file model.cif (mmCIF, N, CA and C atoms)
data_data
#
loop_
_atom_site.label_atom_id
_atom_site.label_comp_id
_atom_site.auth_asym_id
_atom_site.auth_seq_id
_atom_site.Cartn_x
_atom_site.Cartn_y
_atom_site.Cartn_z
N MET A 187 -9.03 -39.39 41.81
CA MET A 187 -8.07 -39.14 40.75
C MET A 187 -7.15 -40.36 40.64
N SER A 188 -6.85 -40.79 39.40
CA SER A 188 -6.04 -41.99 39.22
C SER A 188 -4.57 -41.63 39.08
N CYS A 189 -3.76 -42.57 39.44
CA CYS A 189 -2.30 -42.43 39.41
C CYS A 189 -1.81 -42.52 37.96
N PRO A 190 -0.88 -41.63 37.52
CA PRO A 190 -0.35 -41.70 36.16
C PRO A 190 0.30 -43.04 35.84
N ALA A 191 0.98 -43.65 36.80
CA ALA A 191 1.61 -44.94 36.55
C ALA A 191 0.55 -46.01 36.28
N ARG A 192 -0.56 -45.95 37.00
CA ARG A 192 -1.64 -46.92 36.79
C ARG A 192 -2.25 -46.74 35.41
N ARG A 193 -2.46 -45.47 35.00
CA ARG A 193 -3.00 -45.20 33.66
C ARG A 193 -2.05 -45.71 32.60
N SER A 194 -0.75 -45.51 32.80
CA SER A 194 0.25 -45.96 31.84
C SER A 194 0.24 -47.48 31.70
N ARG A 195 0.14 -48.19 32.83
CA ARG A 195 0.08 -49.65 32.78
C ARG A 195 -1.19 -50.11 32.07
N ALA A 196 -2.30 -49.46 32.35
CA ALA A 196 -3.57 -49.83 31.71
C ALA A 196 -3.48 -49.60 30.22
N ARG A 197 -2.86 -48.50 29.81
CA ARG A 197 -2.72 -48.21 28.39
C ARG A 197 -1.82 -49.24 27.71
N ALA A 198 -0.74 -49.61 28.37
CA ALA A 198 0.17 -50.60 27.81
C ALA A 198 -0.54 -51.95 27.67
N ALA A 199 -1.35 -52.29 28.65
CA ALA A 199 -2.10 -53.55 28.57
C ALA A 199 -3.09 -53.50 27.41
N ASN A 200 -3.70 -52.35 27.19
CA ASN A 200 -4.65 -52.20 26.10
C ASN A 200 -3.96 -52.36 24.75
N LEU A 201 -2.73 -51.88 24.63
CA LEU A 201 -2.01 -51.99 23.37
C LEU A 201 -1.76 -53.44 22.97
N MET A 202 -1.76 -54.32 23.91
CA MET A 202 -1.50 -55.72 23.59
C MET A 202 -2.73 -56.58 23.89
N SER A 203 -3.93 -56.05 23.65
CA SER A 203 -5.12 -56.82 23.98
C SER A 203 -5.31 -58.02 23.06
N LEU A 204 -4.75 -58.02 21.87
CA LEU A 204 -4.74 -59.22 21.04
C LEU A 204 -3.52 -60.06 21.44
N ASP A 205 -3.69 -61.33 21.43
CA ASP A 205 -2.62 -62.25 21.80
C ASP A 205 -1.40 -62.03 20.89
N PRO A 206 -0.22 -61.86 21.47
CA PRO A 206 0.99 -61.67 20.65
C PRO A 206 1.23 -62.79 19.64
N LEU A 207 0.86 -64.02 20.01
CA LEU A 207 1.01 -65.12 19.05
C LEU A 207 0.11 -64.94 17.84
N LEU A 208 -1.09 -64.41 18.08
CA LEU A 208 -2.00 -64.14 16.98
C LEU A 208 -1.45 -63.02 16.09
N LEU A 209 -0.89 -61.98 16.72
CA LEU A 209 -0.30 -60.88 15.95
C LEU A 209 0.83 -61.36 15.05
N ASP A 210 1.54 -62.38 15.49
CA ASP A 210 2.64 -62.93 14.69
C ASP A 210 2.14 -63.61 13.42
N LEU A 211 0.85 -63.95 13.39
CA LEU A 211 0.28 -64.69 12.26
C LEU A 211 -0.59 -63.86 11.32
N LEU A 212 -1.12 -62.75 11.82
CA LEU A 212 -2.10 -62.00 11.03
C LEU A 212 -1.46 -61.22 9.88
N ALA A 213 -2.08 -61.33 8.73
CA ALA A 213 -1.66 -60.59 7.54
C ALA A 213 -2.92 -60.08 6.84
N CYS A 214 -2.74 -59.10 5.99
CA CYS A 214 -3.86 -58.57 5.22
C CYS A 214 -4.42 -59.68 4.32
N PRO A 215 -5.74 -59.85 4.29
CA PRO A 215 -6.31 -60.89 3.44
C PRO A 215 -6.18 -60.61 1.95
N ILE A 216 -5.83 -59.38 1.58
CA ILE A 216 -5.73 -59.02 0.17
C ILE A 216 -4.29 -59.15 -0.33
N ASP A 217 -3.35 -58.44 0.32
CA ASP A 217 -1.97 -58.48 -0.18
C ASP A 217 -1.04 -59.40 0.63
N LYS A 218 -1.58 -60.01 1.68
CA LYS A 218 -0.83 -60.98 2.50
C LYS A 218 0.40 -60.39 3.18
N GLN A 219 0.39 -59.08 3.40
CA GLN A 219 1.51 -58.37 4.01
C GLN A 219 1.15 -57.96 5.45
N PRO A 220 2.14 -57.48 6.22
CA PRO A 220 1.89 -57.10 7.62
C PRO A 220 0.88 -55.96 7.77
N LEU A 221 0.33 -55.89 8.97
CA LEU A 221 -0.64 -54.86 9.32
C LEU A 221 -0.16 -54.11 10.55
N LEU A 222 -0.74 -52.94 10.77
CA LEU A 222 -0.53 -52.21 12.01
C LEU A 222 -1.72 -52.49 12.92
N TYR A 223 -1.45 -52.87 14.15
CA TYR A 223 -2.50 -53.08 15.13
C TYR A 223 -2.57 -51.85 16.02
N LEU A 224 -3.68 -51.12 15.92
CA LEU A 224 -3.90 -49.93 16.73
C LEU A 224 -5.00 -50.26 17.73
N ALA A 225 -4.59 -50.70 18.91
CA ALA A 225 -5.53 -51.19 19.93
C ALA A 225 -6.53 -50.13 20.36
N GLU A 226 -6.09 -48.87 20.46
CA GLU A 226 -7.00 -47.85 20.95
C GLU A 226 -8.16 -47.60 19.98
N TYR A 227 -7.99 -47.96 18.72
CA TYR A 227 -9.06 -47.82 17.73
C TYR A 227 -9.72 -49.16 17.39
N ASP A 228 -9.23 -50.24 17.99
CA ASP A 228 -9.74 -51.60 17.69
C ASP A 228 -9.70 -51.90 16.19
N VAL A 229 -8.54 -51.62 15.57
CA VAL A 229 -8.39 -51.92 14.15
C VAL A 229 -7.02 -52.52 13.84
N LEU A 230 -7.00 -53.27 12.77
CA LEU A 230 -5.77 -53.69 12.10
C LEU A 230 -5.78 -52.90 10.80
N TYR A 231 -4.66 -52.25 10.50
CA TYR A 231 -4.63 -51.32 9.38
C TYR A 231 -3.53 -51.68 8.38
N ASN A 232 -3.89 -51.68 7.10
CA ASN A 232 -2.94 -51.88 6.02
C ASN A 232 -2.68 -50.52 5.38
N PRO A 233 -1.53 -49.89 5.69
CA PRO A 233 -1.25 -48.56 5.14
C PRO A 233 -0.96 -48.57 3.64
N ARG A 234 -0.57 -49.72 3.09
CA ARG A 234 -0.29 -49.79 1.66
C ARG A 234 -1.58 -49.69 0.84
N LEU A 235 -2.61 -50.39 1.30
CA LEU A 235 -3.90 -50.38 0.59
C LEU A 235 -4.89 -49.40 1.21
N ARG A 236 -4.50 -48.80 2.33
CA ARG A 236 -5.37 -47.88 3.09
C ARG A 236 -6.69 -48.54 3.46
N ARG A 237 -6.56 -49.76 3.99
CA ARG A 237 -7.74 -50.52 4.42
C ARG A 237 -7.61 -50.88 5.89
N SER A 238 -8.72 -50.73 6.59
CA SER A 238 -8.75 -51.10 8.01
C SER A 238 -9.70 -52.27 8.21
N TYR A 239 -9.35 -53.09 9.18
CA TYR A 239 -10.13 -54.27 9.55
C TYR A 239 -10.49 -54.14 11.02
N GLN A 240 -11.77 -54.16 11.31
CA GLN A 240 -12.26 -53.99 12.67
C GLN A 240 -11.95 -55.21 13.54
N ILE A 241 -11.82 -54.94 14.83
CA ILE A 241 -11.71 -55.99 15.83
C ILE A 241 -12.99 -55.90 16.65
N ARG A 242 -13.80 -56.94 16.58
CA ARG A 242 -15.10 -56.94 17.26
C ARG A 242 -15.08 -57.99 18.37
N ASP A 243 -15.34 -57.52 19.58
CA ASP A 243 -15.34 -58.42 20.75
C ASP A 243 -14.04 -59.22 20.85
N GLY A 244 -12.93 -58.55 20.53
CA GLY A 244 -11.62 -59.18 20.64
C GLY A 244 -11.26 -60.10 19.50
N ILE A 245 -12.09 -60.13 18.45
CA ILE A 245 -11.85 -61.01 17.31
C ILE A 245 -11.61 -60.18 16.06
N PRO A 246 -10.43 -60.30 15.44
CA PRO A 246 -10.16 -59.57 14.19
C PRO A 246 -11.06 -60.09 13.07
N VAL A 247 -11.72 -59.17 12.38
CA VAL A 247 -12.57 -59.53 11.24
C VAL A 247 -11.71 -59.37 9.99
N MET A 248 -11.11 -60.49 9.56
CA MET A 248 -10.11 -60.47 8.50
C MET A 248 -10.65 -60.96 7.17
N LEU A 249 -11.86 -60.57 6.85
CA LEU A 249 -12.45 -60.90 5.56
C LEU A 249 -12.24 -59.73 4.62
N ALA A 250 -11.75 -59.99 3.42
CA ALA A 250 -11.44 -58.91 2.48
C ALA A 250 -12.63 -58.00 2.24
N ASP A 251 -13.81 -58.57 2.12
CA ASP A 251 -14.99 -57.74 1.83
C ASP A 251 -15.50 -56.98 3.06
N GLN A 252 -14.94 -57.25 4.23
CA GLN A 252 -15.32 -56.52 5.44
C GLN A 252 -14.35 -55.38 5.77
N GLY A 253 -13.24 -55.30 5.06
CA GLY A 253 -12.29 -54.21 5.26
C GLY A 253 -12.89 -52.90 4.74
N GLU A 254 -12.46 -51.81 5.33
CA GLU A 254 -12.95 -50.49 4.93
C GLU A 254 -11.80 -49.64 4.40
N THR A 255 -12.02 -49.00 3.28
CA THR A 255 -11.04 -48.05 2.75
C THR A 255 -11.14 -46.77 3.56
N VAL A 256 -9.99 -46.24 3.99
CA VAL A 256 -9.99 -45.02 4.81
C VAL A 256 -9.67 -43.80 3.96
N THR A 257 -10.08 -42.64 4.45
CA THR A 257 -9.80 -41.38 3.77
C THR A 257 -8.33 -41.03 3.92
N ALA A 258 -7.87 -40.09 3.12
CA ALA A 258 -6.48 -39.63 3.22
C ALA A 258 -6.20 -39.05 4.60
N GLU A 259 -7.15 -38.33 5.17
CA GLU A 259 -6.96 -37.74 6.50
C GLU A 259 -6.87 -38.83 7.57
N ARG A 260 -7.74 -39.81 7.50
CA ARG A 260 -7.71 -40.92 8.46
C ARG A 260 -6.40 -41.70 8.32
N HIS A 261 -5.95 -41.91 7.09
CA HIS A 261 -4.68 -42.59 6.83
C HIS A 261 -3.53 -41.85 7.54
N ARG A 262 -3.46 -40.54 7.34
CA ARG A 262 -2.40 -39.75 7.99
C ARG A 262 -2.50 -39.85 9.51
N ASN A 263 -3.71 -39.78 10.05
CA ASN A 263 -3.89 -39.86 11.51
C ASN A 263 -3.46 -41.22 12.05
N LEU A 264 -3.81 -42.29 11.36
CA LEU A 264 -3.40 -43.62 11.81
C LEU A 264 -1.89 -43.78 11.77
N LEU A 265 -1.26 -43.27 10.71
CA LEU A 265 0.21 -43.36 10.61
C LEU A 265 0.88 -42.53 11.69
N ARG A 266 0.34 -41.35 11.98
CA ARG A 266 0.91 -40.51 13.05
C ARG A 266 0.80 -41.21 14.39
N ARG A 267 -0.35 -41.81 14.65
CA ARG A 267 -0.55 -42.52 15.92
C ARG A 267 0.42 -43.70 16.02
N ALA A 268 0.60 -44.41 14.92
CA ALA A 268 1.53 -45.54 14.92
C ALA A 268 2.96 -45.06 15.16
N ALA A 269 3.34 -43.96 14.53
CA ALA A 269 4.69 -43.41 14.68
C ALA A 269 4.94 -42.94 16.11
N ALA A 270 3.88 -42.53 16.80
CA ALA A 270 4.00 -42.06 18.18
C ALA A 270 4.01 -43.22 19.19
N GLY A 271 4.03 -44.44 18.70
CA GLY A 271 4.09 -45.58 19.59
C GLY A 271 2.75 -46.24 19.86
N GLY A 272 1.73 -45.85 19.12
CA GLY A 272 0.40 -46.38 19.36
C GLY A 272 0.04 -47.59 18.53
N ALA A 273 1.03 -48.27 17.99
CA ALA A 273 0.73 -49.44 17.16
C ALA A 273 1.77 -50.53 17.35
N VAL A 274 1.35 -51.73 17.03
CA VAL A 274 2.22 -52.90 16.99
C VAL A 274 2.06 -53.50 15.60
N ALA A 275 3.15 -53.91 15.00
CA ALA A 275 3.07 -54.52 13.66
C ALA A 275 2.86 -56.03 13.79
N THR A 276 2.18 -56.59 12.82
CA THR A 276 1.99 -58.04 12.77
C THR A 276 3.16 -58.68 12.02
N LEU A 277 3.20 -59.97 12.03
CA LEU A 277 4.22 -60.77 11.31
C LEU A 277 5.64 -60.47 11.75
N GLN A 278 5.79 -59.96 12.98
CA GLN A 278 7.11 -59.69 13.57
C GLN A 278 7.96 -58.72 12.77
N VAL A 279 7.34 -57.78 12.09
CA VAL A 279 8.12 -56.75 11.39
C VAL A 279 8.16 -55.50 12.24
N PRO A 280 9.17 -54.65 12.07
CA PRO A 280 9.20 -53.40 12.83
C PRO A 280 8.10 -52.44 12.34
N VAL A 281 7.49 -51.74 13.27
CA VAL A 281 6.45 -50.77 12.92
C VAL A 281 6.99 -49.77 11.91
N SER A 282 8.24 -49.36 12.07
CA SER A 282 8.82 -48.34 11.18
C SER A 282 8.79 -48.76 9.72
N SER A 283 8.82 -50.05 9.45
CA SER A 283 8.80 -50.50 8.05
C SER A 283 7.44 -50.30 7.40
N LEU A 284 6.41 -50.03 8.20
CA LEU A 284 5.07 -49.82 7.68
C LEU A 284 4.65 -48.36 7.67
N LEU A 285 5.54 -47.47 8.06
CA LEU A 285 5.16 -46.06 8.23
C LEU A 285 5.50 -45.16 7.05
N ILE A 286 5.89 -45.71 5.95
CA ILE A 286 6.17 -44.88 4.78
C ILE A 286 4.86 -44.49 4.13
N ASP A 287 4.65 -43.19 3.98
CA ASP A 287 3.44 -42.71 3.31
C ASP A 287 3.74 -42.72 1.82
N GLU A 288 3.20 -43.72 1.12
CA GLU A 288 3.54 -43.92 -0.29
C GLU A 288 3.03 -42.82 -1.20
N SER A 289 2.01 -42.07 -0.75
CA SER A 289 1.51 -40.99 -1.59
C SER A 289 2.52 -39.85 -1.69
N SER A 290 3.33 -39.68 -0.63
CA SER A 290 4.32 -38.62 -0.66
C SER A 290 5.73 -39.16 -0.79
N GLY A 291 5.89 -40.48 -0.55
CA GLY A 291 7.21 -41.07 -0.59
C GLY A 291 8.05 -40.75 0.63
N GLU A 292 7.42 -40.16 1.66
CA GLU A 292 8.15 -39.77 2.85
C GLU A 292 7.66 -40.53 4.06
N ASP A 293 8.49 -40.54 5.09
CA ASP A 293 8.11 -41.14 6.35
C ASP A 293 6.95 -40.34 6.92
N ALA A 294 5.93 -41.05 7.40
CA ALA A 294 4.72 -40.40 7.90
C ALA A 294 4.93 -39.69 9.23
N ALA A 295 5.99 -40.04 9.94
CA ALA A 295 6.24 -39.42 11.24
C ALA A 295 6.69 -38.02 11.01
#
call {"tool": "encode", "arguments": {"input": "model.cif", "output": "structure tokens"}}
result
Amino acid sequence: MSCPARRSRARAANLMSLDPLLLDLLACPIDKQPLLYLAEYDVLYNPRLRRSYQIRDGIPVMLADQGETVTAERHRNLLRRAAAGGAVATLQVPVSSLLIDESSGEDAA
């Protein structure tokens, strides 16, 4: 059985598996705005356009034509996970600034 503190440290390390300097530079290839990095799903997510960009072998695939449009349910789940602390924002913006669900005009948390 593993120690809860060890699991917590491993999870925290996973949340920052992309280099922080890289996160400071990454933007959506379509609207050039910040993204949410959800390490546990290996994606960078644009909640404004509802597009996700996969991270393959530690490399973000930031080609506009490689992004995937997500369903409304997946969008809500990603925003909930981000609001619960499961995301880091790119371009040095606060995660909270990306959590507005524009379809309802309300905070997704």
call {"tool": "closest_residue", "arguments": {"input": "model.cif", "among": "A:Arg234, A:Pro220, A:Gln240, A:Ala275", "to": "Ala258 in chain A", "atoms": "only C-alpha atoms"}}
result
A:Arg234
call {"tool": "resolve_selection", "arguments": {"input": "model.cif", "expression": "the PyMOL selection byres ((chain A and resi 222) around 8)", "output": "PyMOL selection string"}}
result
chain A and resi 219-221+223-225+229-233+268+272-276+281+284
call {"tool": "atom_distance", "arguments": {"input": "model.cif", "atom1": "atom C of Arg236 in chain A", "atom2": "atom N of Leu207 in chain A"}}
result
23.9 Å
call {"tool": "atom_distance", "arguments": {"input": "model.cif", "atom1": "CA of Ile216 in chain A", "atom2": "CA of Asn263 in chain A"}}
result
22.3 Å
call {"tool": "resolve_selection", "arguments": {"input": "model.cif", "expression": "the PyMOL selection byres ((chain A and resi 209) around 6.5)", "output": "VMD selection string"}}
result
chain A and resid 204 to 208 210 to 212 275 to 278
call {"tool": "write_last_selection", "arguments": {"input": "model.cif", "atoms": "N, CA and C atoms", "output": "short mmCIF file (atom, residue, chain, number, x, y, z; two decimals), in the frame of the given file"}}
result
data_model
loop_
_atom_site.label_atom_id
_atom_site.label_comp_id
_atom_site.auth_asym_id
_atom_site.auth_seq_id
_atom_site.Cartn_x
_atom_site.Cartn_y
_atom_site.Cartn_z
N LEU A 204 -4.75 -58.02 21.87
CA LEU A 204 -4.74 -59.22 21.04
C LEU A 204 -3.52 -60.06 21.44
N ASP A 205 -3.69 -61.33 21.43
CA ASP A 205 -2.62 -62.25 21.80
C ASP A 205 -1.40 -62.03 20.89
N PRO A 206 -0.22 -61.86 21.47
CA PRO A 206 0.99 -61.67 20.65
C PRO A 206 1.23 -62.79 19.64
N LEU A 207 0.86 -64.02 20.01
CA LEU A 207 1.01 -65.12 19.05
C LEU A 207 0.11 -64.94 17.84
N LEU A 208 -1.09 -64.41 18.08
CA LEU A 208 -2.00 -64.14 16.98
C LEU A 208 -1.45 -63.02 16.09
N ASP A 210 1.54 -62.38 15.49
CA ASP A 210 2.64 -62.93 14.69
C ASP A 210 2.14 -63.61 13.42
N LEU A 211 0.85 -63.95 13.39
CA LEU A 211 0.28 -64.69 12.26
C LEU A 211 -0.59 -63.86 11.32
N LEU A 212 -1.12 -62.75 11.82
CA LEU A 212 -2.10 -62.00 11.03
C LEU A 212 -1.46 -61.22 9.88
N ALA A 275 3.15 -53.91 15.00
CA ALA A 275 3.07 -54.52 13.66
C ALA A 275 2.86 -56.03 13.79
N THR A 276 2.18 -56.59 12.82
CA THR A 276 1.99 -58.04 12.77
C THR A 276 3.16 -58.68 12.02
N LEU A 277 3.20 -59.97 12.03
CA LEU A 277 4.22 -60.77 11.31
C LEU A 277 5.64 -60.47 11.75
N GLN A 278 5.79 -59.96 12.98
CA GLN A 278 7.11 -59.69 13.57
C GLN A 278 7.96 -58.72 12.77
#
call {"tool": "atom_distance", "arguments": {"input": "model.cif", "atom1": "CA of Met248 in chain A", "atom2": "CA of Pro215 in chain A"}}
result
6.3 Å
call {"tool": "closest_residue", "arguments": {"input": "model.cif", "among": "A:Val247, A:Leu285, A:Ser238, A:Pro280", "to": "Arg266 in chain A", "atoms": "only C-alpha atoms"}}
result
A:Leu285
call {"tool": "closest_residue", "arguments": {"input": "model.cif", "among": "A:Glu254, A:Lys218, A:Tyr227, A:Gly271", "to": "Ile241 in chain A", "atoms": "only C-alpha atoms"}}
result
A:Tyr227
